[in-house]
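One file, final.txt, is given below (compact mmCIF, C-alpha atoms).
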# COMPACT_ATOMS: atom_id res chain seq x y z
CA MET A 1 3.51 -16.86 28.79
CA ILE A 2 2.96 -14.69 25.74
CA ASP A 3 5.79 -14.49 23.22
CA THR A 4 7.32 -11.10 23.97
CA ALA A 5 9.68 -11.10 21.00
CA ALA A 6 7.67 -8.32 19.38
CA ARG A 7 8.56 -5.94 22.20
CA THR A 8 12.24 -6.80 21.94
CA ASP A 9 12.23 -6.62 18.13
CA VAL A 10 10.74 -3.15 18.22
CA ARG A 11 13.85 -1.82 19.87
CA SER A 12 16.65 -4.08 18.75
CA VAL A 13 16.05 -5.16 15.16
CA ARG A 14 18.86 -4.14 12.85
CA THR A 15 17.97 -1.22 10.57
CA ASP A 16 21.03 -1.23 8.31
CA ALA A 17 21.15 -3.44 5.24
CA ALA A 18 22.22 -7.00 5.91
CA ALA A 19 25.61 -7.99 4.50
CA GLY A 20 24.66 -10.91 2.32
CA PRO A 21 24.68 -12.02 -1.31
CA ILE A 22 22.78 -9.88 -3.78
CA PRO A 23 19.46 -11.61 -4.56
CA ASP A 24 19.24 -12.98 -8.10
CA GLY A 25 15.47 -13.39 -8.29
CA ALA A 26 15.64 -17.15 -8.88
CA SER A 27 14.21 -17.71 -5.41
CA PRO A 28 11.77 -15.61 -3.39
CA LEU A 29 13.41 -13.18 -1.02
CA ALA A 30 10.80 -13.96 1.65
CA GLN A 31 8.46 -16.84 2.37
CA LEU A 32 4.83 -15.83 2.05
CA THR A 33 1.76 -17.78 3.10
CA ASP A 34 0.83 -18.44 -0.53
CA ALA A 35 4.18 -20.07 -1.34
CA GLY A 36 3.56 -23.20 -3.41
CA LEU A 37 -0.18 -22.56 -3.67
CA GLU A 38 -1.74 -24.77 -6.35
CA VAL A 39 -4.83 -23.47 -8.15
CA PRO A 40 -7.14 -25.18 -10.65
CA VAL A 41 -7.22 -24.07 -14.29
CA LEU A 42 -9.72 -24.81 -17.01
CA GLY A 43 -9.55 -28.37 -18.26
CA GLY A 44 -9.03 -30.00 -14.88
CA ALA A 45 -5.33 -29.38 -14.25
CA THR A 46 -3.74 -27.55 -11.35
CA VAL A 47 -0.72 -25.24 -11.56
CA ARG A 48 1.42 -23.26 -9.17
CA HIS A 49 -0.23 -19.92 -8.61
CA VAL A 50 1.63 -16.83 -9.81
CA ASN A 51 0.60 -13.79 -7.82
CA LEU A 52 1.22 -10.59 -9.79
CA ASP A 53 -1.42 -8.60 -7.93
CA VAL A 54 0.54 -7.75 -4.78
CA ALA A 55 0.03 -4.00 -5.34
CA ALA A 56 -3.61 -4.58 -4.42
CA SER A 57 -3.02 -6.85 -1.42
CA ALA A 58 0.11 -8.81 -0.57
CA PRO A 59 -0.08 -12.26 1.01
CA ALA A 60 1.08 -12.41 4.59
CA LEU A 61 4.65 -13.23 5.42
CA GLN A 62 4.87 -16.69 6.98
CA ALA A 63 6.64 -15.17 9.98
CA VAL A 64 3.68 -12.83 10.45
CA ALA A 65 1.19 -15.67 10.26
CA ALA A 66 3.21 -17.57 12.87
CA HIS A 67 3.23 -14.50 15.10
CA VAL A 68 -0.56 -14.20 14.78
CA THR A 69 -0.93 -17.84 15.85
CA ARG A 70 1.16 -17.13 18.95
CA VAL A 71 -0.77 -14.03 20.01
CA LEU A 72 -4.32 -15.20 19.24
CA PRO A 73 -4.80 -16.98 22.59
CA TYR A 74 -4.16 -13.64 24.30
CA TYR A 75 -6.68 -11.70 22.21
CA SER A 76 -8.70 -9.55 24.58
CA SER A 77 -10.11 -6.07 25.04
CA VAL A 78 -7.39 -3.52 25.68
CA HIS A 79 -6.49 -0.74 28.12
CA ARG A 80 -8.98 -1.22 30.92
CA GLY A 81 -8.94 -4.96 31.57
CA SER A 82 -7.43 -6.24 34.81
CA GLY A 83 -6.68 -9.74 33.51
CA TYR A 84 -3.39 -10.90 32.05
CA PRO A 85 -4.73 -11.41 28.48
CA SER A 86 -6.03 -7.85 28.44
CA GLN A 87 -2.67 -6.56 29.61
CA ALA A 88 -0.92 -8.67 26.97
CA ALA A 89 -3.23 -7.35 24.22
CA THR A 90 -2.63 -3.80 25.40
CA ALA A 91 1.10 -4.37 25.23
CA LEU A 92 0.78 -5.67 21.67
CA VAL A 93 -1.00 -2.51 20.56
CA GLU A 94 1.24 -0.04 22.39
CA ASP A 95 4.45 -1.82 21.38
CA ALA A 96 3.17 -1.76 17.80
CA ARG A 97 3.07 2.06 17.98
CA VAL A 98 6.74 2.05 18.89
CA SER A 99 7.52 -0.38 16.08
CA VAL A 100 5.67 1.67 13.46
CA ALA A 101 7.18 4.96 14.63
CA ARG A 102 10.69 3.54 14.51
CA HIS A 103 10.21 1.89 11.13
CA VAL A 104 9.22 5.16 9.45
CA GLY A 105 11.71 7.33 11.35
CA ALA A 106 9.08 9.36 13.18
CA ARG A 107 10.09 12.29 15.37
CA ASP A 108 9.65 12.40 19.11
CA GLY A 109 6.14 13.68 19.69
CA ASP A 110 4.68 12.35 16.43
CA LEU A 111 1.47 10.37 16.86
CA VAL A 112 0.83 6.90 15.52
CA VAL A 113 -2.91 6.45 15.02
CA PHE A 114 -4.10 3.02 13.93
CA THR A 115 -6.75 2.86 11.22
CA ARG A 116 -8.22 0.22 8.93
CA ASN A 117 -6.12 1.25 5.92
CA THR A 118 -4.57 4.18 4.06
CA THR A 119 -7.97 5.42 2.91
CA GLU A 120 -9.23 5.75 6.48
CA ALA A 121 -5.95 7.33 7.59
CA LEU A 122 -6.20 10.06 4.94
CA ASN A 123 -9.89 10.62 5.64
CA LEU A 124 -8.97 11.08 9.30
CA LEU A 125 -6.27 13.60 8.40
CA ALA A 126 -8.72 15.46 6.17
CA THR A 127 -10.82 16.29 9.23
CA ALA A 128 -7.80 18.01 10.78
CA VAL A 129 -6.50 20.17 7.92
CA PRO A 130 -7.09 23.88 8.69
CA GLY A 131 -7.33 25.05 5.10
CA ASP A 132 -6.84 24.00 1.48
CA THR A 133 -5.10 20.82 0.37
CA VAL A 134 -3.15 20.65 -2.89
CA VAL A 135 -2.90 17.28 -4.63
CA LEU A 136 -1.72 15.94 -7.99
CA ASP A 137 -4.02 14.32 -10.51
CA ILE A 138 -1.92 11.14 -10.35
CA GLU A 139 -3.27 10.24 -6.92
CA HIS A 140 -5.11 7.09 -5.95
CA HIS A 141 -8.69 7.95 -5.03
CA ALA A 142 -7.73 7.47 -1.37
CA ASN A 143 -5.60 10.61 -1.67
CA LEU A 144 -7.85 12.47 -4.08
CA LEU A 145 -11.36 12.25 -2.66
CA PRO A 146 -11.09 12.90 1.11
CA TRP A 147 -9.95 16.53 1.00
CA ARG A 148 -12.83 18.96 1.46
CA ASN A 149 -10.97 21.97 0.04
CA ARG A 150 -9.10 20.24 -2.76
CA ARG A 151 -6.95 21.94 -5.37
CA VAL A 152 -5.73 19.58 -8.08
CA VAL A 153 -2.54 20.21 -10.04
CA VAL A 154 -2.27 18.26 -13.29
CA ALA A 155 1.12 16.53 -13.40
CA ARG A 156 3.37 17.48 -16.29
CA ALA A 157 5.32 15.24 -18.66
CA SER A 158 8.30 15.15 -16.32
CA ILE A 159 8.80 15.09 -12.58
CA ALA A 160 10.95 18.22 -12.85
CA GLU A 161 8.15 20.15 -14.59
CA THR A 162 5.62 18.80 -12.08
CA LEU A 163 7.66 20.13 -9.16
CA VAL A 164 7.67 23.57 -10.82
CA ALA A 165 3.89 23.40 -11.32
CA LEU A 166 3.33 22.50 -7.66
CA GLU A 167 5.62 25.29 -6.48
CA THR A 168 3.79 27.76 -8.73
CA GLU A 169 0.42 26.69 -7.31
CA LEU A 170 1.59 26.98 -3.70
CA ALA A 171 3.19 30.35 -4.34
CA ALA A 172 0.11 31.75 -6.04
CA ARG A 173 -2.27 30.94 -3.19
CA PRO A 174 -1.49 29.63 0.30
CA ALA A 175 -2.45 26.07 1.22
CA ALA A 176 -2.35 24.23 4.51
CA LEU A 177 -1.27 20.89 3.08
CA LEU A 178 0.35 19.27 0.07
CA SER A 179 -0.70 15.61 -0.07
CA VAL A 180 1.08 13.39 -2.58
CA THR A 181 1.68 9.75 -3.32
CA GLY A 182 5.09 8.31 -2.65
CA ALA A 183 4.82 6.09 -5.73
CA SER A 184 2.16 5.72 -8.39
CA ASN A 185 0.02 2.61 -8.05
CA VAL A 186 -0.41 2.67 -11.85
CA THR A 187 3.16 3.09 -13.09
CA GLY A 188 5.26 2.38 -10.00
CA GLU A 189 7.15 5.64 -10.57
CA VAL A 190 8.64 6.98 -7.33
CA LEU A 191 8.33 10.67 -6.49
CA PRO A 192 11.05 12.70 -4.72
CA ILE A 193 9.23 13.15 -1.42
CA ALA A 194 12.05 15.02 0.33
CA GLU A 195 12.10 17.62 -2.46
CA LEU A 196 8.31 17.85 -2.34
CA ALA A 197 8.55 18.46 1.41
CA ARG A 198 11.05 21.26 0.82
CA ILE A 199 8.72 22.92 -1.69
CA ALA A 200 5.70 22.61 0.59
CA HIS A 201 7.49 24.03 3.62
CA ALA A 202 9.00 26.89 1.62
CA HIS A 203 5.47 28.08 0.96
CA GLY A 204 4.05 27.55 4.44
CA ALA A 205 2.32 24.23 3.77
CA ARG A 206 2.73 20.88 5.44
CA ILE A 207 3.13 17.64 3.50
CA ALA A 208 1.38 14.29 3.76
CA VAL A 209 2.57 11.22 1.87
CA ASP A 210 0.32 8.38 0.79
CA ALA A 211 2.86 5.60 1.28
CA ALA A 212 0.54 2.67 0.58
CA GLN A 213 2.60 1.57 -2.43
CA LEU A 214 5.99 2.95 -1.41
CA LEU A 215 6.42 1.61 2.13
CA PRO A 216 6.38 -2.13 1.30
CA HIS A 217 9.23 -1.61 -1.18
CA ARG A 218 11.30 1.36 0.02
CA ARG A 219 12.27 2.53 3.51
CA ILE A 220 10.67 5.84 4.52
CA ASP A 221 12.29 8.24 6.97
CA VAL A 222 9.84 10.86 8.18
CA ALA A 223 12.39 12.95 10.06
CA ALA A 224 15.15 12.79 7.46
CA SER A 225 12.77 13.68 4.61
CA ASP A 226 11.04 16.31 6.77
CA LEU A 227 7.58 14.84 6.23
CA ASP A 228 4.67 15.97 8.38
CA PHE A 229 2.32 13.01 7.88
CA VAL A 230 2.56 9.51 6.41
CA ALA A 231 -0.24 7.01 5.83
CA PHE A 232 0.03 3.36 4.85
CA SER A 233 -1.80 0.02 4.87
CA GLY A 234 -0.72 -3.25 6.41
CA HIS A 235 -2.43 -5.35 3.74
CA LYS A 236 0.02 -4.09 1.10
CA ALA A 237 2.97 -4.69 3.44
CA TYR A 238 2.47 -8.45 3.96
CA ALA A 239 0.18 -8.16 7.00
CA PRO A 240 -3.38 -9.57 7.08
CA PHE A 241 -6.48 -8.45 8.98
CA GLY A 242 -6.98 -4.88 7.76
CA ALA A 243 -4.90 -2.47 9.82
CA GLY A 244 -3.22 0.75 8.71
CA ALA A 245 -1.68 3.80 10.30
CA LEU A 246 -1.43 7.57 10.18
CA ILE A 247 1.82 8.94 11.57
CA GLY A 248 2.47 12.63 12.05
CA ARG A 249 2.39 15.85 13.97
CA ALA A 250 0.22 15.96 17.05
CA ASP A 251 -1.04 19.54 16.96
CA TRP A 252 -3.47 19.17 14.06
CA LEU A 253 -4.67 15.77 15.23
CA ASP A 254 -5.18 16.92 18.83
CA ALA A 255 -7.17 19.94 17.62
CA ALA A 256 -9.36 17.94 15.22
CA PRO A 257 -12.73 16.53 16.22
CA PRO A 258 -12.50 12.85 17.20
CA PHE A 259 -12.68 10.71 14.09
CA LEU A 260 -15.07 8.35 15.88
CA ALA A 261 -17.18 9.26 18.89
CA GLY A 262 -17.21 6.52 21.49
CA GLY A 263 -15.53 4.72 24.34
CA GLY A 264 -11.79 5.02 24.68
CA ALA A 265 -11.65 8.49 23.11
CA VAL A 266 -12.91 10.28 26.22
CA GLU A 267 -11.67 11.36 29.62
CA ASN A 268 -15.11 12.03 31.01
CA VAL A 269 -18.71 12.10 29.78
CA ALA A 270 -21.76 13.82 31.20
CA VAL A 271 -25.20 14.12 29.68
CA ASP A 272 -24.47 17.61 28.40
CA ARG A 273 -20.70 17.60 27.83
CA VAL A 274 -17.74 15.47 26.79
CA GLU A 275 -14.06 15.83 27.64
CA TRP A 276 -12.10 14.28 24.77
CA ARG A 277 -8.63 12.84 25.05
CA THR A 278 -5.64 13.95 23.04
CA GLY A 279 -3.08 11.70 21.40
CA PRO A 280 -3.89 8.52 19.46
CA ASP A 281 -6.79 7.62 21.77
CA ARG A 282 -8.71 10.66 20.51
CA HIS A 283 -9.20 9.01 17.11
CA GLU A 284 -9.34 5.32 18.06
CA ALA A 285 -12.71 4.96 19.78
CA GLY A 286 -14.03 1.45 20.21
CA THR A 287 -12.23 -1.86 20.35
CA PRO A 288 -9.11 -1.79 18.16
CA ASN A 289 -8.09 -4.42 15.65
CA VAL A 290 -5.60 -5.97 18.05
CA VAL A 291 -4.57 -8.88 15.83
CA GLY A 292 -4.34 -6.71 12.72
CA ILE A 293 -2.18 -4.16 14.54
CA ALA A 294 0.09 -6.90 15.89
CA ALA A 295 0.41 -8.35 12.38
CA LEU A 296 1.23 -4.97 10.88
CA ALA A 297 3.97 -4.29 13.41
CA ARG A 298 5.51 -7.73 13.00
CA ALA A 299 5.45 -7.36 9.19
CA LEU A 300 7.55 -4.19 9.46
CA VAL A 301 10.04 -5.98 11.73
CA GLU A 302 10.29 -8.84 9.24
CA LEU A 303 10.81 -6.45 6.31
CA GLU A 304 13.72 -4.96 8.23
CA ARG A 305 15.17 -8.42 8.76
CA LEU A 306 15.18 -8.96 5.00
CA GLY A 307 17.30 -5.84 4.56
CA ASP A 308 16.43 -2.65 2.72
CA ALA A 309 19.14 -3.06 0.07
CA GLU A 310 18.28 -6.73 -0.45
CA ARG A 311 14.60 -5.96 -1.00
CA GLU A 312 15.38 -3.22 -3.47
CA ALA A 313 17.91 -5.34 -5.37
CA HIS A 314 15.56 -8.34 -5.54
CA GLU A 315 12.71 -6.28 -6.94
CA ALA A 316 14.91 -4.19 -9.25
CA GLY A 317 16.13 -7.27 -11.08
CA LEU A 318 12.61 -8.63 -11.46
CA THR A 319 11.30 -5.23 -12.55
CA ALA A 320 13.92 -4.97 -15.29
CA ARG A 321 13.06 -8.49 -16.50
CA LEU A 322 9.36 -7.66 -16.47
CA HIS A 323 9.75 -4.47 -18.50
CA ASP A 324 12.18 -6.10 -20.94
CA GLY A 325 9.72 -8.92 -21.49
CA LEU A 326 6.80 -6.57 -22.05
CA ALA A 327 8.84 -4.55 -24.53
CA SER A 328 9.32 -7.71 -26.61
CA LEU A 329 5.58 -8.32 -27.05
CA PRO A 330 3.82 -6.85 -30.09
CA GLY A 331 0.77 -4.70 -29.46
CA VAL A 332 1.63 -4.11 -25.79
CA ARG A 333 2.48 -0.65 -24.45
CA VAL A 334 3.70 0.10 -20.93
CA ILE A 335 2.05 3.19 -19.47
CA ARG A 336 4.30 5.91 -18.06
CA GLY A 337 3.50 9.12 -16.26
CA PHE A 338 6.87 10.88 -16.40
CA ASP A 339 9.61 10.82 -19.02
CA ASP A 340 12.36 11.52 -16.48
CA ALA A 341 11.44 9.03 -13.72
CA THR A 342 14.58 7.13 -12.72
CA ASP A 343 13.13 4.99 -9.92
CA ARG A 344 10.11 2.74 -10.11
CA LEU A 345 8.62 -0.01 -8.02
CA ALA A 346 7.94 -3.51 -9.30
CA ILE A 347 4.76 -2.45 -11.08
CA ALA A 348 3.93 -2.35 -14.79
CA THR A 349 0.60 -1.35 -16.30
CA VAL A 350 0.06 -2.02 -19.98
CA GLU A 351 -2.58 -1.31 -22.57
CA LEU A 352 -3.21 -3.48 -25.62
CA ASP A 353 -3.53 -2.35 -29.21
CA ARG A 354 -6.52 -4.62 -29.61
CA GLY A 355 -8.78 -6.75 -27.47
CA SER A 356 -10.01 -6.42 -23.92
CA VAL A 357 -7.57 -6.37 -21.03
CA GLY A 358 -10.40 -7.64 -18.85
CA LEU A 359 -10.70 -10.72 -21.03
CA VAL A 360 -6.92 -11.19 -21.00
CA ALA A 361 -6.83 -10.88 -17.21
CA ALA A 362 -9.63 -13.44 -16.87
CA ALA A 363 -7.83 -15.86 -19.18
CA LEU A 364 -4.53 -15.40 -17.34
CA GLY A 365 -6.27 -16.51 -14.17
CA ALA A 366 -8.54 -19.23 -15.56
CA GLU A 367 -6.12 -20.81 -18.05
CA HIS A 368 -2.66 -20.05 -16.61
CA GLY A 369 -3.14 -19.59 -12.85
CA ILE A 370 -1.73 -16.05 -12.96
CA SER A 371 -3.33 -13.24 -10.95
CA VAL A 372 -3.14 -9.69 -12.33
CA ARG A 373 -5.52 -6.73 -12.19
CA ALA A 374 -7.43 -4.96 -14.95
CA GLY A 375 -9.16 -1.59 -14.82
CA ARG A 376 -8.21 1.96 -13.93
CA PHE A 377 -6.84 1.08 -10.48
CA CYS A 378 -8.73 3.70 -8.45
CA ALA A 379 -6.71 6.39 -10.21
CA HIS A 380 -9.20 7.39 -12.89
CA PRO A 381 -8.06 10.96 -13.66
CA PHE A 382 -4.43 9.90 -14.06
CA PHE A 383 -5.19 6.75 -16.05
CA ASP A 384 -7.56 8.56 -18.39
CA ARG A 385 -4.92 11.22 -19.07
CA VAL A 386 -1.97 8.94 -19.84
CA SER A 387 -3.69 6.03 -21.58
CA SER A 388 -5.34 5.65 -24.97
CA ARG A 389 -7.63 2.77 -23.98
CA SER A 390 -10.40 2.62 -21.41
CA ASN A 391 -8.65 0.10 -19.14
CA GLY A 392 -5.19 -1.27 -18.44
CA LEU A 393 -3.67 -4.49 -17.15
CA ARG A 394 -1.35 -4.28 -14.16
CA ALA A 395 1.29 -6.75 -13.03
CA SER A 396 2.94 -6.15 -9.65
CA LEU A 397 5.71 -8.01 -7.86
CA GLY A 398 7.11 -8.20 -4.36
CA ALA A 399 9.41 -9.98 -1.96
CA GLY A 400 7.85 -13.37 -2.74
CA SER A 401 8.18 -13.05 -6.53
CA THR A 402 10.68 -14.89 -8.72
CA ILE A 403 12.10 -14.94 -12.24
CA ASP A 404 9.82 -17.89 -13.02
CA ASP A 405 6.79 -15.77 -12.10
CA VAL A 406 7.84 -13.07 -14.54
CA ASP A 407 8.67 -15.51 -17.33
CA ARG A 408 5.39 -17.39 -16.98
CA PHE A 409 3.49 -14.11 -17.18
CA ILE A 410 5.34 -12.86 -20.24
CA ALA A 411 4.88 -16.20 -22.02
CA ALA A 412 1.17 -16.39 -21.17
CA LEU A 413 0.49 -12.76 -22.08
CA GLY A 414 2.32 -13.20 -25.40
CA LEU A 415 0.22 -16.26 -26.19
CA LEU A 416 -3.02 -14.47 -25.35
CA VAL A 417 -2.11 -11.36 -27.33
CA THR A 418 -1.16 -13.43 -30.37
CA ASP A 419 -3.70 -16.27 -30.33
CA GLY A 420 -6.37 -15.21 -27.86
CA PRO A 421 -7.84 -17.37 -25.08
CA ALA A 422 -8.10 -21.11 -25.55
CA HIS A 423 -11.59 -21.15 -24.02
CA GLU A 424 -14.79 -19.22 -24.60
CA TYR A 425 -15.68 -16.34 -22.26
CA SER A 426 -18.70 -14.11 -21.80
CA ARG A 427 -18.92 -10.67 -20.31
CA THR A 428 -21.07 -10.56 -17.16
CA PRO A 429 -21.83 -7.89 -14.54
CA ASP A 430 -18.90 -9.40 -12.60
CA GLY A 431 -16.53 -9.16 -15.57
CA TRP A 432 -15.31 -11.73 -18.08
CA CYS A 433 -16.03 -15.33 -17.05
CA PRO A 434 -15.53 -18.70 -18.76
CA VAL A 435 -18.71 -19.90 -20.44
CA THR A 436 -17.96 -23.36 -19.08
CA ASP A 437 -16.01 -23.28 -15.86
CA ASP A 438 -14.97 -26.70 -14.59
CA ARG A 439 -12.79 -25.39 -11.79
CA PRO A 440 -14.02 -26.42 -8.35
CA ARG A 441 -15.25 -23.64 -6.13
CA ALA A 442 -12.92 -22.93 -3.22
CA SER A 443 -14.27 -24.40 0.00
CA PHE A 444 -12.93 -23.92 3.51
CA ASP A 445 -15.35 -26.18 5.40
Can you give me the file's structure in the form of structure tokens?
Amino acid sequence: MIDTAARTDVRSVRTDAAAGPIPDGASPLAQLTDAGLEVPVLGGATVRHVNLDVAASAPALQAVAAHVTRVLPYYSSVHRGSGYPSQAATALVEDARVSVARHVGARDGDLVVFTRNTTEALNLLATAVPGDTVVLDIEHHANLLPWRNRRVVVARASIAETLVALETELAARPAALLSVTGASNVTGEVLPIAELARIAHAHGARIAVDAAQLLPHRRIDVAASDLDFVAFSGHKAYAPFGAGALIGRADWLDAAPPFLAGGGAVENVAVDRVEWRTGPDRHEAGTPNVVGIAALARALVELERLGDAEREAHEAGLTARLHDGLASLPGVRVIRGFDDATDRLAIATVELDRGSVGLVAAALGAEHGISVRAGRFCAHPFFDRVSSRSNGLRASLGAGSTIDDVDRFIAALGLLVTDGPAHEYSRTPDGWCPVTDDRPRASFD
């Protein structure tokens, strides 16, 4: 029989913080599938991989990978199959809706629509907005580009001033929606989403939150914060296989044209007319990503098992160590968006006084086995406004990170800033690459 723990976990998993010792960061808070991964470095050695790129995609939790192994034999087409595997797959998807709704504190009547990722979720919502959408210039492109009637407010030097600017914009001209990030993917600074919701509603607008960065690190409560829509991605929340979700009010989504036209979204089809369904089915035509959805739901259950307070404490200690270490390095400046931000995720983006951050990122990977990210992080308007260089280097941590990860990064970055790479690199269309690369190519044959 299929493991039905997911259905039980959806309803019974504890949602209060676990009463345990405060994490000290010496050990990972959670076991991820990349734990202990050894990677080759230039010169023929191998080292333990340090993953400081979890803001882009987080490795799967080992418990999620085990869950995927258990459910894979039951993978089947959903909803209309008469066989047991089809019924099991259908249960996985529909129980996942319950799990997602509960995890984010959705209201009765809110829809949970499964998508590929946050970008698709926000593009779906954009088809349903009956009017203008106001956004900030700090947004990831996923929450900047989809809106057809977009009004962009440039964020001010402080969060307090930014709230005033948004309120002024909404008061001057009505808007249907305010869509904002829950936390910057560049700086990690957390925005006060409940206060933003109050401002939006006071001026007749609804609010959507891009929670791609926030949800893996902070608990979201849609009802308590009075949010109308939330979008997030499983791949940033320790779930593989490319599933995301849009959660929110049914009226706009039921009135919107189906996001995809096809089987599963219809009640009846004739040659000259179509009767579309309402609810999640309306926007989920075709075969769903059953395994990805199951992984996403189990990842949320496992995050709850870790404890909200424990996750925040673990990452807060590592974040402080990361920023203290960066502050000690000459020629390295941490980028900030707001001078009054009091809460930030485990993210730090820096720019260098001299040299290429792309070259430094390549050398961190090739010579030290440390993964970071260089660029403008799909937040070009914001990055260009707050930085003085053309690109930045971002380090991001999570539940699998440790003090040793931070210390190895700070030591390696300091060495590269002071002495430069130990090997020769050339700039190619794919970025900076070692001129002579003796690392074996990964093979999975």
Residue neighbourhood Ile335 of chain A, 7 Å, only C-alpha atoms, exclusion window fewer than 2 positions, as a PyMOL selection string: chain A and resi 187+333+337+349-350+387
Go ahead and write the selection's residues with C-alpha atoms as a PDB file, in the frame of the given file.
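Heads up, here's the output in part02.pdb:
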ATOM      1  CA  THR A 187       3.160   3.090 -13.090  1.00  0.00           C
ATOM      2  CA  ARG A 333       2.480  -0.650 -24.450  1.00  0.00           C
ATOM      3  CA  GLY A 337       3.500   9.120 -16.260  1.00  0.00           C
ATOM      4  CA  THR A 349       0.600  -1.350 -16.300  1.00  0.00           C
ATOM      5  CA  VAL A 350       0.060  -2.020 -19.980  1.00  0.00           C
ATOM      6  CA  SER A 387      -3.690   6.030 -21.580  1.00  0.00           C
TER       7      SER A 387
END
Atomic separation - atom CA of Leu191 of chain A relative to atom CA of Leu322 of chain A, Å: 20.9 Å
Atom CA of Asn117 of chain A to atom CA of Ala243 of chain A, straight-line distance in Å: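 Result for atom CA of Ala243 of chain A versus atom CA of Asn117 of chain A: 5.5 Å, one decimal.
Excluding Ser179 of chain A itself and same-chain residues fewer than 5 positions from it, the residues having an atom within 6 Å of it are A:Val135, A:Ile207, A:Ala208, A:Val209, counting only C-alpha atoms.
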For C-alpha atoms, I'd like the residues from the last selection saved as a compact mmCIF listing (two decimals), in the frame of the given file.
# COMPACT_ATOMS: atom_id res chain seq x y z
CA VAL A 135 -2.90 17.28 -4.63
CA ILE A 207 3.13 17.64 3.50
CA ALA A 208 1.38 14.29 3.76
CA VAL A 209 2.57 11.22 1.87
Asp108 of chain A surroundings by all atoms listed in the file, 10 Å radius, close-in-sequence under 6 positions cut, as number ranges by chain: A: 101, 223, 249
Could you take the residues named above and write them with C-alpha atoms, as a PDB file, in the coordinates of the input?
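Dumped to part-v4.pdb:
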ATOM      1  CA  ALA A 101       7.180   4.960  14.630  1.00  0.00           C
ATOM      2  CA  ALA A 223      12.390  12.950  10.060  1.00  0.00           C
ATOM      3  CA  ARG A 249       2.390  15.850  13.970  1.00  0.00           C
TER       4      ARG A 249
END
From A:Val100, A:Ala155, A:Ala363, A:Ala172, residue lying nearest Gly248 of chain A [only C-alpha atoms]: A:Val100
